[in-house]
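> File name run-v7.csv; file contents CSV, C-alpha atoms; full text below.
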chain,number,residue,atom,x,y,z
A,1,MET,CA,-31.4,17.5,29.3
A,2,LYS,CA,-34.4,15.4,30.5
A,3,ILE,CA,-34.0,13.2,27.4
A,4,ARG,CA,-30.3,12.7,28.2
A,5,ALA,CA,-31.0,11.9,31.8
A,6,ALA,CA,-33.6,9.4,30.8
A,7,ALA,CA,-31.2,7.9,28.3
A,8,ILE,CA,-28.5,7.5,30.9
A,9,LEU,CA,-31.0,5.9,33.3
A,10,ALA,CA,-32.2,3.5,30.6
A,11,LEU,CA,-28.6,2.6,29.8
A,12,ILE,CA,-27.8,2.0,33.5
A,13,ALA,CA,-30.9,-0.2,33.7
A,14,SER,CA,-29.9,-2.1,30.5
A,15,THR,CA,-26.3,-2.6,31.7
A,16,SER,CA,-27.4,-4.1,35.0
A,17,SER,CA,-26.6,-7.8,35.1
A,18,GLY,CA,-30.2,-8.7,35.9
A,19,ALA,CA,-29.0,-11.0,38.7
A,20,ASP,CA,-32.6,-12.0,39.6
A,21,THR,CA,-33.2,-13.5,36.1
A,22,THR,CA,-29.8,-14.9,35.0
A,23,LYS,CA,-28.4,-18.1,36.4
A,24,GLY,CA,-25.3,-19.9,35.3
A,25,ASN,CA,-24.8,-17.8,32.2
A,26,ILE,CA,-22.6,-15.1,33.7
A,27,TRP,CA,-18.8,-15.3,33.7
A,28,GLY,CA,-16.1,-13.0,35.0
A,29,SER,CA,-15.9,-10.2,37.4
A,30,PRO,CA,-18.8,-7.8,37.7
A,31,ARG,CA,-16.1,-5.1,38.3
A,32,ALA,CA,-14.6,-5.7,34.8
A,33,PRO,CA,-14.4,-2.5,32.7
A,34,ILE,CA,-16.4,-4.0,29.8
A,35,VAL,CA,-19.7,-5.8,30.0
A,36,MET,CA,-20.4,-8.0,27.0
A,37,GLU,CA,-23.8,-9.5,26.4
A,38,VAL,CA,-24.2,-12.3,23.9
A,39,TYR,CA,-27.6,-12.6,22.4
A,40,SER,CA,-27.8,-16.1,21.2
A,41,ASP,CA,-30.2,-18.7,19.9
A,42,PHE,CA,-29.3,-22.4,20.4
A,43,ALA,CA,-30.7,-23.2,17.0
A,44,CYS,CA,-28.7,-20.6,15.1
A,45,PRO,CA,-25.6,-21.9,13.2
A,46,GLY,CA,-23.7,-18.6,13.7
A,47,CYS,CA,-24.3,-18.9,17.4
A,48,LYS,CA,-22.9,-22.4,17.4
A,49,LEU,CA,-19.8,-21.1,15.6
A,50,LEU,CA,-19.4,-18.3,18.1
A,51,HIS,CA,-19.8,-20.7,21.1
A,52,ASP,CA,-17.4,-23.3,19.7
A,53,THR,CA,-14.6,-21.1,18.3
A,54,GLU,CA,-14.7,-17.5,19.5
A,55,LEU,CA,-16.1,-17.9,23.0
A,56,PRO,CA,-13.2,-20.1,24.4
A,57,ARG,CA,-10.7,-17.5,23.2
A,58,LEU,CA,-12.7,-14.6,24.6
A,59,MET,CA,-12.9,-16.4,28.0
A,60,LYS,CA,-9.1,-17.0,28.0
A,61,GLU,CA,-8.0,-13.6,26.9
A,62,TYR,CA,-10.6,-11.3,28.4
A,63,VAL,CA,-13.0,-12.9,30.8
A,64,ILE,CA,-10.7,-14.9,33.0
A,65,PRO,CA,-8.2,-12.0,33.3
A,66,GLY,CA,-11.0,-9.8,34.5
A,67,LYS,CA,-11.3,-7.5,31.5
A,68,VAL,CA,-14.8,-8.5,30.4
A,69,TYR,CA,-17.9,-9.5,32.3
A,70,LEU,CA,-19.7,-11.9,30.0
A,71,ILE,CA,-23.5,-12.5,30.0
A,72,TYR,CA,-25.1,-15.0,27.7
A,73,ARG,CA,-28.7,-14.0,26.9
A,74,TYR,CA,-31.5,-16.1,25.5
A,75,PHE,CA,-32.7,-14.7,22.3
A,76,PRO,CA,-34.6,-17.5,20.4
A,77,LEU,CA,-35.7,-16.4,16.9
A,78,GLU,CA,-39.1,-17.2,15.6
A,79,MET,CA,-37.6,-18.5,12.4
A,80,HIS,CA,-36.2,-21.5,14.3
A,81,PRO,CA,-39.1,-23.7,15.3
A,82,PHE,CA,-37.4,-25.3,18.3
A,83,GLY,CA,-35.2,-22.3,19.3
A,84,ARG,CA,-37.6,-21.3,22.1
A,85,LYS,CA,-37.9,-24.8,23.4
A,86,ALA,CA,-34.1,-25.1,23.4
A,87,ALA,CA,-33.8,-21.9,25.4
A,88,GLU,CA,-36.4,-23.2,27.9
A,89,ALA,CA,-34.5,-26.5,28.2
A,90,VAL,CA,-31.1,-24.9,28.8
A,91,ALA,CA,-32.6,-22.2,31.2
A,92,ALA,CA,-34.3,-25.1,33.1
A,93,ALA,CA,-30.9,-26.9,33.3
A,94,ALA,CA,-29.4,-23.7,34.5
A,95,GLN,CA,-31.9,-23.8,37.4
A,96,LEU,CA,-30.4,-27.1,38.2
A,97,GLY,CA,-26.9,-25.6,38.1
A,98,LYS,CA,-26.0,-27.1,34.7
A,99,TYR,CA,-26.1,-24.2,32.3
A,100,GLU,CA,-22.7,-24.8,30.8
A,101,GLN,CA,-23.2,-28.5,30.3
A,102,ALA,CA,-26.6,-28.0,28.8
A,103,ALA,CA,-25.5,-25.2,26.5
A,104,ASP,CA,-22.5,-27.2,25.3
A,105,ILE,CA,-24.5,-30.2,24.4
A,106,ALA,CA,-27.3,-28.1,22.8
A,107,PHE,CA,-24.8,-26.5,20.5
A,108,ALA,CA,-22.8,-29.7,19.9
A,109,ARG,CA,-25.9,-31.6,18.8
A,110,GLN,CA,-27.7,-28.7,17.1
A,111,GLY,CA,-27.9,-30.5,13.8
A,112,GLU,CA,-29.9,-33.3,15.4
A,113,TRP,CA,-32.5,-31.6,17.6
A,114,ALA,CA,-33.0,-28.5,15.4
A,115,ASN,CA,-34.9,-30.7,13.0
A,116,SER,CA,-36.4,-33.3,15.3
A,117,GLY,CA,-37.2,-30.9,18.2
A,118,LYS,CA,-35.8,-33.5,20.7
A,119,ILE,CA,-34.0,-30.9,22.7
A,120,GLU,CA,-35.1,-32.3,26.1
A,121,GLU,CA,-33.7,-35.6,25.3
A,122,THR,CA,-30.5,-33.9,24.2
A,123,VAL,CA,-30.2,-32.0,27.5
A,124,ASP,CA,-31.1,-35.1,29.5
A,125,ASN,CA,-27.7,-36.5,28.5
A,126,VAL,CA,-26.0,-34.1,31.0
A,127,LEU,CA,-28.5,-34.5,33.8
A,128,THR,CA,-28.9,-37.2,36.5
A,129,ALA,CA,-32.1,-39.2,36.5
A,130,ALA,CA,-33.6,-37.1,39.3
A,131,GLU,CA,-32.7,-33.9,37.4
A,132,GLN,CA,-34.3,-35.3,34.2
A,133,GLN,CA,-37.6,-35.7,36.0
A,134,LYS,CA,-37.5,-32.0,37.1
A,135,LEU,CA,-36.6,-30.6,33.7
A,136,LYS,CA,-40.0,-30.6,32.0
A,137,ALA,CA,-41.7,-28.9,34.9
A,138,LEU,CA,-38.9,-26.4,35.2
A,139,MET,CA,-39.1,-25.5,31.5
A,140,GLN,CA,-42.6,-24.1,32.1
A,141,SER,CA,-41.8,-22.6,35.5
A,142,PRO,CA,-42.2,-18.9,36.0
A,143,ALA,CA,-38.4,-18.5,36.8
A,144,VAL,CA,-37.4,-19.9,33.4
A,145,GLN,CA,-40.2,-18.1,31.5
A,146,GLN,CA,-39.3,-14.8,33.2
A,147,THR,CA,-35.6,-15.3,32.4
A,148,ILE,CA,-36.3,-15.8,28.7
A,149,ALA,CA,-38.8,-13.0,28.6
A,150,TYR,CA,-36.4,-10.6,30.4
A,151,ASP,CA,-33.6,-11.4,27.9
A,152,MET,CA,-35.9,-11.1,24.9
A,153,ASN,CA,-37.3,-7.8,26.0
A,154,LYS,CA,-33.8,-6.5,26.7
A,155,GLY,CA,-32.7,-7.6,23.3
A,156,LYS,CA,-35.7,-6.1,21.5
A,157,ALA,CA,-35.2,-2.8,23.3
A,158,ILE,CA,-31.7,-2.4,22.0
A,159,PRO,CA,-32.8,-3.5,19.3
A,160,VAL,CA,-30.8,-6.7,18.5
A,161,PRO,CA,-30.9,-7.2,14.7
A,162,GLY,CA,-30.3,-10.9,14.7
A,163,THR,CA,-28.2,-13.6,16.3
A,164,PRO,CA,-25.5,-13.8,17.3
A,165,THR,CA,-25.2,-10.3,18.5
A,166,LEU,CA,-22.7,-8.9,21.0
A,167,VAL,CA,-23.7,-5.9,22.9
A,168,ILE,CA,-20.6,-4.3,24.5
A,169,THR,CA,-21.0,-1.7,27.2
A,170,TYR,CA,-18.1,0.5,28.2
A,171,ARG,CA,-18.3,3.7,30.2
A,172,LEU,CA,-22.1,4.0,29.6
A,173,ARG,CA,-21.7,3.6,25.8
A,174,GLN,CA,-23.2,0.7,24.1
A,175,TYR,CA,-21.9,-0.9,20.9
A,176,THR,CA,-23.8,-3.5,19.0
A,177,LEU,CA,-21.7,-6.0,17.0
A,178,GLY,CA,-23.0,-8.7,14.7
A,179,GLY,CA,-26.6,-9.4,13.8
A,180,ARG,CA,-25.9,-8.3,10.2
A,181,GLU,CA,-22.1,-8.2,10.3
A,182,VAL,CA,-19.8,-11.1,10.2
A,183,LEU,CA,-18.5,-11.7,13.7
A,184,LYS,CA,-14.8,-12.5,13.4
A,185,TYR,CA,-12.6,-12.8,16.5
A,186,GLU,CA,-10.1,-10.4,15.0
A,187,TRP,CA,-12.5,-7.5,15.0
A,188,VAL,CA,-14.0,-8.3,18.4
A,189,LYS,CA,-10.5,-8.5,19.8
A,190,ALA,CA,-9.5,-5.2,18.1
A,191,MET,CA,-12.6,-3.6,19.4
A,192,LEU,CA,-12.0,-4.7,23.0
A,193,ASP,CA,-8.3,-3.8,22.9
A,194,ASP,CA,-9.2,-0.4,21.5
A,195,LEU,CA,-11.7,0.3,24.3
A,196,LEU,CA,-9.4,-1.0,27.0
A,197,THR,CA,-6.6,1.4,25.9
A,198,LYS,CA,-8.9,4.4,26.0
B,1,MET,CA,-31.0,41.8,-9.7
B,2,THR,CA,-30.8,39.2,-12.4
B,3,PHE,CA,-28.7,36.1,-12.7
B,4,SER,CA,-27.4,34.7,-15.9
B,5,ARG,CA,-27.6,31.0,-16.7
B,6,SER,CA,-23.9,30.5,-15.9
B,7,ASP,CA,-24.3,32.4,-12.6
B,8,MET,CA,-27.1,30.0,-11.6
B,9,LEU,CA,-25.1,27.0,-12.6
B,10,ARG,CA,-22.1,28.3,-10.7
B,11,MET,CA,-24.2,28.9,-7.5
B,12,THR,CA,-25.8,25.5,-7.8
B,13,THR,CA,-22.4,23.9,-8.1
B,14,VAL,CA,-21.1,25.7,-5.0
B,15,VAL,CA,-24.2,24.7,-3.0
B,16,LEU,CA,-24.0,21.1,-4.1
B,17,ARG,CA,-20.2,21.0,-3.5
B,18,VAL,CA,-20.6,22.3,0.1
B,19,LEU,CA,-23.6,20.0,0.8
B,20,VAL,CA,-21.7,17.0,-0.3
B,21,GLY,CA,-18.7,18.1,1.7
B,22,ILE,CA,-20.9,18.3,4.8
B,23,VAL,CA,-22.2,14.8,4.1
B,24,PHE,CA,-18.6,13.5,3.9
B,25,LEU,CA,-17.8,15.1,7.2
B,26,VAL,CA,-21.0,13.7,8.9
B,27,ALA,CA,-20.2,10.2,7.5
B,28,ALA,CA,-16.6,10.5,8.8
B,29,TYR,CA,-17.7,11.7,12.3
B,30,ALA,CA,-20.2,8.8,12.5
B,31,LYS,CA,-17.3,6.3,12.0
B,32,LEU,CA,-14.6,8.1,14.0
B,33,LYS,CA,-16.7,8.4,17.1
B,34,ASP,CA,-16.7,4.6,17.5
B,35,PRO,CA,-13.8,2.2,17.7
B,36,TRP,CA,-12.4,1.5,14.2
B,37,ALA,CA,-13.0,-2.2,14.5
B,38,LEU,CA,-16.8,-1.5,14.3
B,39,PHE,CA,-16.3,0.0,10.8
B,40,ALA,CA,-13.9,-2.8,10.0
B,41,MET,CA,-16.6,-5.3,10.7
B,42,SER,CA,-18.9,-3.5,8.3
B,43,ILE,CA,-16.3,-3.5,5.5
B,44,ASP,CA,-15.4,-7.1,6.2
B,45,SER,CA,-19.1,-8.2,5.9
B,46,TYR,CA,-19.0,-7.2,2.2
B,47,GLY,CA,-16.4,-10.0,1.7
B,48,ILE,CA,-14.6,-8.0,-1.0
B,49,LEU,CA,-11.3,-7.1,0.7
B,50,PRO,CA,-8.7,-9.3,2.3
B,51,LEU,CA,-8.4,-8.9,6.1
B,52,ARG,CA,-5.2,-6.6,6.1
B,53,TRP,CA,-6.9,-4.3,3.6
B,54,VAL,CA,-10.0,-4.2,5.7
B,55,GLU,CA,-8.0,-2.9,8.6
B,56,PHE,CA,-6.2,-0.4,6.4
B,57,ALA,CA,-9.5,0.9,4.9
B,58,ALA,CA,-11.3,1.0,8.3
B,59,ARG,CA,-8.4,3.1,9.8
B,60,THR,CA,-7.9,5.5,6.9
B,61,LEU,CA,-11.2,5.9,5.0
B,62,PRO,CA,-12.9,8.1,7.7
B,63,TRP,CA,-9.9,10.4,7.7
B,64,PHE,CA,-9.9,10.5,4.0
B,65,GLU,CA,-13.5,11.5,4.1
B,66,VAL,CA,-12.6,14.3,6.5
B,67,VAL,CA,-9.9,15.7,4.2
B,68,LEU,CA,-12.2,15.3,1.2
B,69,GLY,CA,-15.1,16.9,3.0
B,70,LEU,CA,-13.1,19.9,4.1
B,71,ALA,CA,-11.5,20.3,0.6
B,72,LEU,CA,-15.0,20.2,-1.0
B,73,ILE,CA,-16.3,22.8,1.4
B,74,ALA,CA,-13.3,25.1,1.0
B,75,GLY,CA,-13.3,24.6,-2.7
B,76,VAL,CA,-9.6,23.8,-3.0
B,77,PHE,CA,-8.2,21.6,-5.8
B,78,LYS,CA,-11.8,21.4,-7.1
B,79,ARG,CA,-11.1,19.2,-10.1
B,80,VAL,CA,-9.1,16.6,-8.1
B,81,THR,CA,-11.4,16.6,-5.1
B,82,THR,CA,-14.7,16.4,-7.0
B,83,ALA,CA,-13.3,13.7,-9.3
B,84,THR,CA,-12.0,11.7,-6.4
B,85,GLY,CA,-15.3,12.1,-4.5
B,86,THR,CA,-17.2,10.9,-7.6
B,87,LEU,CA,-14.9,7.8,-7.9
B,88,LEU,CA,-15.3,7.1,-4.2
B,89,MET,CA,-19.1,7.2,-4.5
B,90,LEU,CA,-18.9,4.9,-7.5
B,91,VAL,CA,-16.9,2.4,-5.4
B,92,PHE,CA,-19.5,2.7,-2.5
B,93,ILE,CA,-22.5,2.3,-4.8
B,94,GLY,CA,-20.8,-0.6,-6.6
B,95,ALA,CA,-20.0,-2.4,-3.4
B,96,MET,CA,-23.6,-2.0,-2.1
B,97,ALA,CA,-25.1,-3.1,-5.3
B,98,TRP,CA,-22.8,-6.1,-5.4
B,99,ALA,CA,-23.7,-7.0,-1.8
B,100,LYS,CA,-27.5,-6.6,-2.5
B,101,LEU,CA,-27.2,-8.7,-5.7
B,102,HIS,CA,-25.5,-11.4,-3.8
B,103,GLY,CA,-28.3,-11.5,-1.2
B,104,LYS,CA,-26.1,-10.2,1.6
B,105,GLU,CA,-28.2,-8.8,4.5
B,106,ILE,CA,-25.4,-6.6,5.9
B,107,ASP,CA,-24.8,-3.2,7.3
B,108,CYS,CA,-24.0,-0.5,4.8
B,109,GLY,CA,-21.4,1.1,7.0
B,110,CYS,CA,-22.0,4.5,5.4
B,111,PHE,CA,-22.8,6.5,8.5
B,112,GLY,CA,-21.6,4.1,11.2
B,113,PRO,CA,-23.2,0.9,12.2
B,114,GLY,CA,-26.9,0.1,12.3
B,115,GLU,CA,-28.1,0.8,8.7
B,116,ALA,CA,-28.8,-2.2,6.5
B,117,ILE,CA,-28.1,-2.0,2.8
B,118,GLY,CA,-31.4,-1.3,1.0
B,119,VAL,CA,-32.9,0.5,-1.9
B,120,TRP,CA,-32.9,3.7,0.2
B,121,SER,CA,-29.1,3.6,1.0
B,122,ILE,CA,-28.2,2.8,-2.6
B,123,LEU,CA,-30.5,5.6,-3.9
B,124,ARG,CA,-29.1,8.1,-1.4
B,125,ASP,CA,-25.5,7.3,-2.4
B,126,ALA,CA,-26.4,7.4,-6.1
B,127,SER,CA,-27.9,10.9,-5.5
B,128,ILE,CA,-24.7,12.1,-3.8
B,129,GLY,CA,-22.7,10.5,-6.6
B,130,ALA,CA,-24.8,12.2,-9.3
B,131,ALA,CA,-24.4,15.6,-7.5
B,132,LEU,CA,-20.7,15.1,-7.3
B,133,LEU,CA,-20.5,14.1,-11.0
B,134,PHE,CA,-22.3,17.3,-11.8
B,135,VAL,CA,-19.9,19.3,-9.7
B,136,THR,CA,-17.0,17.5,-11.3
B,137,LEU,CA,-18.2,18.2,-14.8
B,138,MET,CA,-18.8,21.9,-13.9
B,139,SER,CA,-15.3,22.2,-12.5
B,140,PHE,CA,-14.0,21.2,-16.0
B,141,TRP,CA,-16.5,23.4,-17.9
B,142,LYS,CA,-15.5,26.8,-19.0
B,143,PRO,CA,-18.4,29.1,-19.9
B,144,ARG,CA,-18.2,30.7,-23.3
B,145,LYS,CA,-17.7,34.4,-23.3
B,146,TYR,CA,-20.0,36.2,-25.6
B,147,SER,CA,-19.1,39.6,-26.9
B,148,VAL,CA,-21.9,42.0,-27.6
Represent the structure of the file as structure tokens.


Amino acid sequence: MKIRAAAILALIASTSSGADTTKGNIWGSPRAPIVMEVYSDFACPGCKLLHDTELPRLMKEYVIPGKVYLIYRYFPLEMHPFGRKAAEAVAAAAQLGKYEQAADIAFARQGEWANSGKIEETVDNVLTAAEQQKLKALMQSPAVQQTIAYDMNKGKAIPVPGTPTLVITYRLRQYTLGGREVLKYEWVKAMLDDLLTK
Amino acid sequence: MTFSRSDMLRMTTVVLRVLVGIVFLVAAYAKLKDPWALFAMSIDSYGILPLRWVEFAARTLPWFEVVLGLALIAGVFKRVTTATGTLLMLVFIGAMAWAKLHGKEIDCGCFGPGEAIGVWSILRDASIGAALLFVTLMSFWKPRKYSV
């Protein structure tokens, strides 16, 4: 009984949006029946594919109609040498209110900076001159570092097997999709529809 | 109380058949407790079946495992159920070996999500397959009757 209570408390804690650490990377209504967390690495090709092709459809069909509350989480993998730096740059841009623009350009130009490491220059393209000057300092700021650490710890606790991984929470039950499986929109849609009709 | 060799074989066969039946039921429950799409994702990751067959397999296979498991435990249609189970295990082992040989780092899908294909999962399924093959052979075997 104690174990079950502890598990429920842990689940409640893990499903909380973490409003103090997330900025700009949350979409939809917090009252949506399903919470979907996307563990993503800006240097991961599968994450780019998810961001470019599946995410717009998810937004249109589930997030905007209020069925899914979507949270993008920073989960840079050690295998990508500039993944962490990219997460810092995008999280810093999020502090300036430009998460979406920064994430879009980071994924769009992944092929360029993933080798050169010039992610700051890439993100600079969506910032004003004044914002560009703040970016570097913000990347090392406690707010940005805590945001990434929070997401990483949350992902490791699940545990997230790789990126991209979708963690779907519905009625206190958690389902982990991806990591090892191929994330196809058909299955994500089937899963969400199945949950929503229960 | 002494048991003859054929009695021992018969008892071993019954124990193995019931154990494998339980394994099938556990595997089915692990899949059925989650939305079917989760299992579909595991099947699709093998890259063997076309999409519409993936959905069909994901929706029907767990129920097939339930029927097979119950039939194995009850001991009905022994030859058919044990032979079918052996063939099913051969398909599972073949798919896992194929995925492993092709370097796919995917979920096995055997007992729901979360278990990567590895030597352990292949060996486990091979053991279940070997047990079922033994039970199948025994179901066809008729012990000789000796007259004293």

> Using only C-alpha atoms, what does the table of chain B residues within 9 Å of chain A look like, with each row giving the shortest atom pair and its distance in Å to one decimal, sorted by chain and ascending number, as JSON lines?


{"residue": "B:Asp34", "atom": "CA", "partner": "A:Tyr175", "partner_atom": "CA", "distance": 8.3}
{"residue": "B:Pro35", "atom": "CA", "partner": "A:Met191", "partner_atom": "CA", "distance": 6.2}
{"residue": "B:Trp36", "atom": "CA", "partner": "A:Met191", "partner_atom": "CA", "distance": 7.3}
{"residue": "B:Ala37", "atom": "CA", "partner": "A:Met191", "partner_atom": "CA", "distance": 5.1}
{"residue": "B:Leu38", "atom": "CA", "partner": "A:Met191", "partner_atom": "CA", "distance": 6.9}
{"residue": "B:Ala40", "atom": "CA", "partner": "A:Trp187", "partner_atom": "CA", "distance": 7.0}
{"residue": "B:Met41", "atom": "CA", "partner": "A:Glu181", "partner_atom": "CA", "distance": 6.2}
{"residue": "B:Ser42", "atom": "CA", "partner": "A:Glu181", "partner_atom": "CA", "distance": 6.0}
{"residue": "B:Ile43", "atom": "CA", "partner": "A:Glu181", "partner_atom": "CA", "distance": 8.9}
{"residue": "B:Asp44", "atom": "CA", "partner": "A:Val182", "partner_atom": "CA", "distance": 7.2}
{"residue": "B:Ser45", "atom": "CA", "partner": "A:Val182", "partner_atom": "CA", "distance": 5.2}
{"residue": "B:Tyr46", "atom": "CA", "partner": "A:Glu181", "partner_atom": "CA", "distance": 8.7}
{"residue": "B:Lys104", "atom": "CA", "partner": "A:Arg180", "partner_atom": "CA", "distance": 8.8}
{"residue": "B:Glu105", "atom": "CA", "partner": "A:Arg180", "partner_atom": "CA", "distance": 6.2}
{"residue": "B:Ile106", "atom": "CA", "partner": "A:Arg180", "partner_atom": "CA", "distance": 4.7}
{"residue": "B:Asp107", "atom": "CA", "partner": "A:Arg180", "partner_atom": "CA", "distance": 6.0}
{"residue": "B:Pro113", "atom": "CA", "partner": "A:Thr176", "partner_atom": "CA", "distance": 8.1}
{"residue": "B:Gly114", "atom": "CA", "partner": "A:Thr176", "partner_atom": "CA", "distance": 8.2}
{"residue": "B:Ala116", "atom": "CA", "partner": "A:Arg180", "partner_atom": "CA", "distance": 7.7}

> For CA of Leu166 (chain A) and CA of Lys23 (chain A), quote the distance in Å rounded to one decimal.

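Computing it gives 18.8 Å between the two atoms.
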
> What gap, in Å, lies between CA of Thr86 (chain B) and CA of Gly129 (chain B)?

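If I compute the distance from CA of Thr86 (chain B) to CA of Gly129 (chain B), I get 5.6 Å.
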
> Would you pick out the contacts of Ile26 (chain A) at 8 Å or less, using all atoms listed in the file, so that residues sharing its chain but fewer than 3 positions from it are not included, and give the list as a list in words?

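So the residues in contact are Thr22, Lys23, Tyr69, Leu70, Ile71 and Tyr72 of chain A.
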
> Given the choices A:Glu100, A:Ala130, A:Phe42, A:Gly24, which gets closest to Tyr74 (chain A) if the distance is worked out from all atoms listed in the file?

A:Phe42

> Write out as a CSV table (one decimal) with C-alpha atoms, in the frame of the given file which residues come within 12 Å of Val144 (chain A) when counting only C-alpha atoms, dropping same-chain ones fewer than 4 positions away.


chain,number,residue,atom,x,y,z
A,20,ASP,CA,-32.6,-12.0,39.6
A,21,THR,CA,-33.2,-13.5,36.1
A,22,THR,CA,-29.8,-14.9,35.0
A,23,LYS,CA,-28.4,-18.1,36.4
A,74,TYR,CA,-31.5,-16.1,25.5
A,84,ARG,CA,-37.6,-21.3,22.1
A,85,LYS,CA,-37.9,-24.8,23.4
A,86,ALA,CA,-34.1,-25.1,23.4
A,87,ALA,CA,-33.8,-21.9,25.4
A,88,GLU,CA,-36.4,-23.2,27.9
A,89,ALA,CA,-34.5,-26.5,28.2
A,90,VAL,CA,-31.1,-24.9,28.8
A,91,ALA,CA,-32.6,-22.2,31.2
A,92,ALA,CA,-34.3,-25.1,33.1
A,93,ALA,CA,-30.9,-26.9,33.3
A,94,ALA,CA,-29.4,-23.7,34.5
A,95,GLN,CA,-31.9,-23.8,37.4
A,96,LEU,CA,-30.4,-27.1,38.2
A,135,LEU,CA,-36.6,-30.6,33.7
A,136,LYS,CA,-40.0,-30.6,32.0
A,137,ALA,CA,-41.7,-28.9,34.9
A,138,LEU,CA,-38.9,-26.4,35.2
A,139,MET,CA,-39.1,-25.5,31.5
A,140,GLN,CA,-42.6,-24.1,32.1
A,148,ILE,CA,-36.3,-15.8,28.7
A,149,ALA,CA,-38.8,-13.0,28.6
A,150,TYR,CA,-36.4,-10.6,30.4
A,151,ASP,CA,-33.6,-11.4,27.9

> Would you pick out the contacts of region 76-83 of chain B at 8 Å or less, using all atoms listed in the file, so that residues sharing its chain but fewer than 5 positions from it are not included, and give the list as a ChimeraX atom specification?

/B:17,68,71,132-133,135-136,139-140

> Report, in Å with one decimal, the straight-line distance from CA of Trp63 (chain B) to CA of Met11 (chain B).

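A separation of 27.9 Å between them.
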
> Looking at B:Trp141, B:Leu25, B:Leu88, B:Ala131, which one is nearest to Thr12 (chain B), with distances taken over only C-alpha atoms?

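Using only C-alpha atoms, Thr12 (chain B) sits closest to B:Ala131.
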